[in-house]
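S.K.: Submitted below is the structure of interest, expressed as structure tokens.
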Amino acid sequence: MASLPMAETSNLPLRKIPGDYGIPIIGPIKDRLDYFYNQGPDKYFMSRSLKYHSTVFRANMPPGPLIASNPNVVVLLDGKSFPILFDVTKVEKRNVFTGTFMPSTELTGGYRILSYLDPSEPKHEQLKRLMFFLLKSSSSHVIPEFNASYTALFDTLEKELAAKGKASFGDANDQAAFNFLARSFYGTNPDDTNLGRDGPKLVQKWLAFQLSPIQVSGLPKLLEDSIFHTFRIPPFLVRNDYRRLYDFFYESSGLLLDEAVRLGVSKEEACHNLLFATCFNSFGGMKVFFPNMLKWIGRAGVKLHTRLAQEIRWAVKSNGGKVTMAAMETMPLMKSVVYEAFRIEPPVPLQYGKAKRDMVIESHENAFEVKRGEMLCGYQPFATKDQKIFERAEEFIGDRFLGEGEKLLQHVLWSNGAETEEPSVGNKQCAGKDFVILVSRLLVVELFLRYDSFEIQVGSSPVGSSVTLTSLKRATF
């Protein structure tokens, strides 16, 4: 075997990647059952890591036979090996957005959407520039529209809490998030269109058709696994719902579609990409992450709540009584709390990439040779809770990133890149990274401007946490 280039050599001991894929068809199905039902993702990865005494090993990733062309992956679980997935000179990101399978392009108008393109493909740069234009053109609307949408959300939650003694955050958040995105990005209130208040429901149905092979919905195990994890749901069943969404975005995106044409992208392809970016990436992220963040802040208790309320209210008062970007920059605890929520429970737990060439990947203890064409799968919740990087890694520590702790931001990886790096047309880091951070901060700011503290009950859901508010203590200072 030819020796690896000098840049690929390592001072760590070279070890053969442990693990195997089992008997064809049977092995992937067994691993799928373990991943979804017998163990769950955390135990699935941890049990194998302990078995092999390694944070890098071979395994199968769902969905497996019939849906995935090849379920075999090299798993990366530590904070040192995981970032290889961001290096597009070493890994290809073509068609790996959802992992070992790719949903039918019939669900996206027949187009491969930006998320599935590798930066080496010409259309990637054009479409990512369109996303940057979307974000820039809407920047002045984000804060006021967020305030309007989430003031309505809190009013709704208070009324429900008064009537029932508890209030579900999820459904109210879905409606607020969709309305906010439509109004801030496109200047259109869905209530004033044919879409009405159906947006969140249509989006969730469309998302289910794309993600059902890699999620647990709560249906009986035999039914779910034999149907949704074994076969693709026919896209035509959601065609009319998707058309309603498409029509809404097309009618609302005049300026953006003109910019797309200037960039060399047809209006039709651009609209499908804008819909995906808004509904899958942005709405989907707010649907998953906002309840998760509330869960961790809620569990942290009154002491942290009081510190946040004091900091946020002082900063807003000192900046003319308005929530502004400048005001939020003077809220270090709030910023740290948001980063800590992204660290401890990132909204997208899995990242994938295919090795572009033979190379060496390093964990903390060993070096491993990976062959060209092998699929790499990183499980981010373990990488960002790597105990060799973070002290008390399993704990939510709100002030973790204050002072010297800010240096640890390079290990916060939720955006398909390090928090200290920026998205560009040449990488696969989320185009809306700064936007997502901003709206997450805005939720915390709006919450503690209005309330001193809150209490919650937490359940599980197919995506993220199910959060029910049991108390909202109105601001008293």
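Following the order of the structure tokens, chains are lettered A, B, ..., residues in each are numbered from 1, and ligands are numbered from 1.
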Need the shell around range 341-358 of chain A: protein/DNA/RNA residues with any atom at most 6 Å away, counting only C-alpha atoms. Skip same-chain ones fewer than 2 positions apart. Format as a PyMOL selection string?
M.R.: chain A and resi 85+90-93+96+99+289+293+338-339+370-380+384+412+414
S.K.: Please list as an mmCIF file with N, CA, C and O atoms, in the first residue's frame every residue within 10 Å of His411 in chain A, counting only C-alpha atoms and excluding residues in the same chain fewer than 6 positions away.
M.R.:
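What landed in out.cif:
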```cif
data_model
loop_
_atom_site.group_PDB
_atom_site.id
_atom_site.type_symbol
_atom_site.label_atom_id
_atom_site.label_comp_id
_atom_site.auth_asym_id
_atom_site.auth_seq_id
_atom_site.Cartn_x
_atom_site.Cartn_y
_atom_site.Cartn_z
ATOM 1 N N GLY A 79 -14.758 15.150 20.040
ATOM 2 C CA GLY A 79 -14.611 16.507 19.542
ATOM 3 C C GLY A 79 -13.378 16.740 18.699
ATOM 4 O O GLY A 79 -13.262 17.787 18.059
ATOM 5 N N LYS A 80 -12.462 15.786 18.658
ATOM 6 C CA LYS A 80 -11.269 15.941 17.832
ATOM 7 C C LYS A 80 -11.486 15.400 16.422
ATOM 8 O O LYS A 80 -11.058 16.011 15.437
ATOM 9 N N PHE A 82 -14.540 14.768 14.980
ATOM 10 C CA PHE A 82 -15.776 15.267 14.376
ATOM 11 C C PHE A 82 -15.556 16.384 13.348
ATOM 12 O O PHE A 82 -16.172 16.382 12.277
ATOM 13 N N PRO A 83 -14.691 17.387 13.608
ATOM 14 C CA PRO A 83 -14.560 18.509 12.671
ATOM 15 C C PRO A 83 -14.075 18.154 11.275
ATOM 16 O O PRO A 83 -14.151 18.993 10.367
ATOM 17 N N ARG A 343 -24.720 23.743 22.571
ATOM 18 C CA ARG A 343 -23.692 22.737 22.845
ATOM 19 C C ARG A 343 -24.284 21.455 23.392
ATOM 20 O O ARG A 343 -23.991 20.359 22.914
ATOM 21 N N ALA A 383 -19.846 14.631 20.550
ATOM 22 C CA ALA A 383 -18.678 15.450 20.239
ATOM 23 C C ALA A 383 -18.680 16.739 21.053
ATOM 24 O O ALA A 383 -17.626 17.197 21.510
ATOM 25 N N THR A 384 -19.854 17.337 21.264
ATOM 26 C CA THR A 384 -19.922 18.593 22.010
ATOM 27 C C THR A 384 -20.094 18.373 23.515
ATOM 28 O O THR A 384 -20.236 19.339 24.267
ATOM 29 N N LYS A 385 -20.104 17.116 23.907
ATOM 30 C CA LYS A 385 -20.035 16.790 25.340
ATOM 31 C C LYS A 385 -18.802 15.925 25.616
ATOM 32 O O LYS A 385 -18.803 15.072 26.503
ATOM 33 N N ASP A 386 -17.769 16.185 24.835
ATOM 34 C CA ASP A 386 -16.499 15.481 24.984
ATOM 35 C C ASP A 386 -15.842 15.932 26.290
ATOM 36 O O ASP A 386 -15.501 17.109 26.460
ATOM 37 N N ILE A 389 -12.658 17.921 26.468
ATOM 38 C CA ILE A 389 -12.718 19.323 26.047
ATOM 39 C C ILE A 389 -13.495 20.172 27.054
ATOM 40 O O ILE A 389 -13.061 21.263 27.433
ATOM 41 N N PHE A 390 -14.634 19.658 27.518
ATOM 42 C CA PHE A 390 -15.509 20.414 28.412
ATOM 43 C C PHE A 390 -15.543 19.792 29.808
ATOM 44 O O PHE A 390 -15.774 18.587 29.942
ATOM 45 N N GLY A 417 -20.224 23.624 11.293
ATOM 46 C CA GLY A 417 -18.962 24.336 11.335
ATOM 47 C C GLY A 417 -18.741 24.823 12.751
ATOM 48 O O GLY A 417 -19.653 24.804 13.577
ATOM 49 N N ALA A 418 -17.541 25.267 13.047
ATOM 50 C CA ALA A 418 -17.255 25.778 14.387
ATOM 51 C C ALA A 418 -17.920 27.135 14.582
ATOM 52 O O ALA A 418 -18.064 27.913 13.642
ATOM 53 N N GLU A 419 -18.312 27.440 15.822
ATOM 54 C CA GLU A 419 -18.967 28.709 16.112
ATOM 55 C C GLU A 419 -18.047 29.890 15.828
ATOM 56 O O GLU A 419 -18.522 31.005 15.562
ATOM 57 N N THR A 420 -16.751 29.672 15.841
ATOM 58 C CA THR A 420 -15.786 30.741 15.594
ATOM 59 C C THR A 420 -15.531 30.959 14.101
ATOM 60 O O THR A 420 -14.753 31.843 13.736
#
```
S.K.: Just list the residues in range 305-466 of chain A DSSP gives helix (DSSP H, G or I) on the backbone, as a ChimeraX atom specification.
M.R.: /A:305-318,325-328,332-344,380-383,403-411,433-450
S.K.: Please indicate the distance in Å from CA of Gly165 in chain A to CA of Thr470 in chain A, rounded to one decimal place.
M.R.: 6.4 Å
S.K.: Would you compute the distance between CA of Gly109 in chain A and CA of His272 in chain A? Give it in Å to one decimal.
M.R.: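 CA of Gly109 in chain A sits 6.5 Å away from CA of His272 in chain A.
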S.K.: Nearest to Glu365 in chain A among A:Ala163, A:Thr108, A:Lys388, A:Tyr250, with distances taken over only C-alpha atoms: which residue is it?
M.R.: A:Lys388
S.K.: Considering only C-alpha atoms, return as a ChimeraX atom specification whatever protein or nucleic-acid residues lie within 12 Å of Leu195 in chain A, sequence-local ones (same chain, fewer than 5 positions apart) excluded.
M.R.: /A:178-179,182,188-190,200-203,241-249,251-252
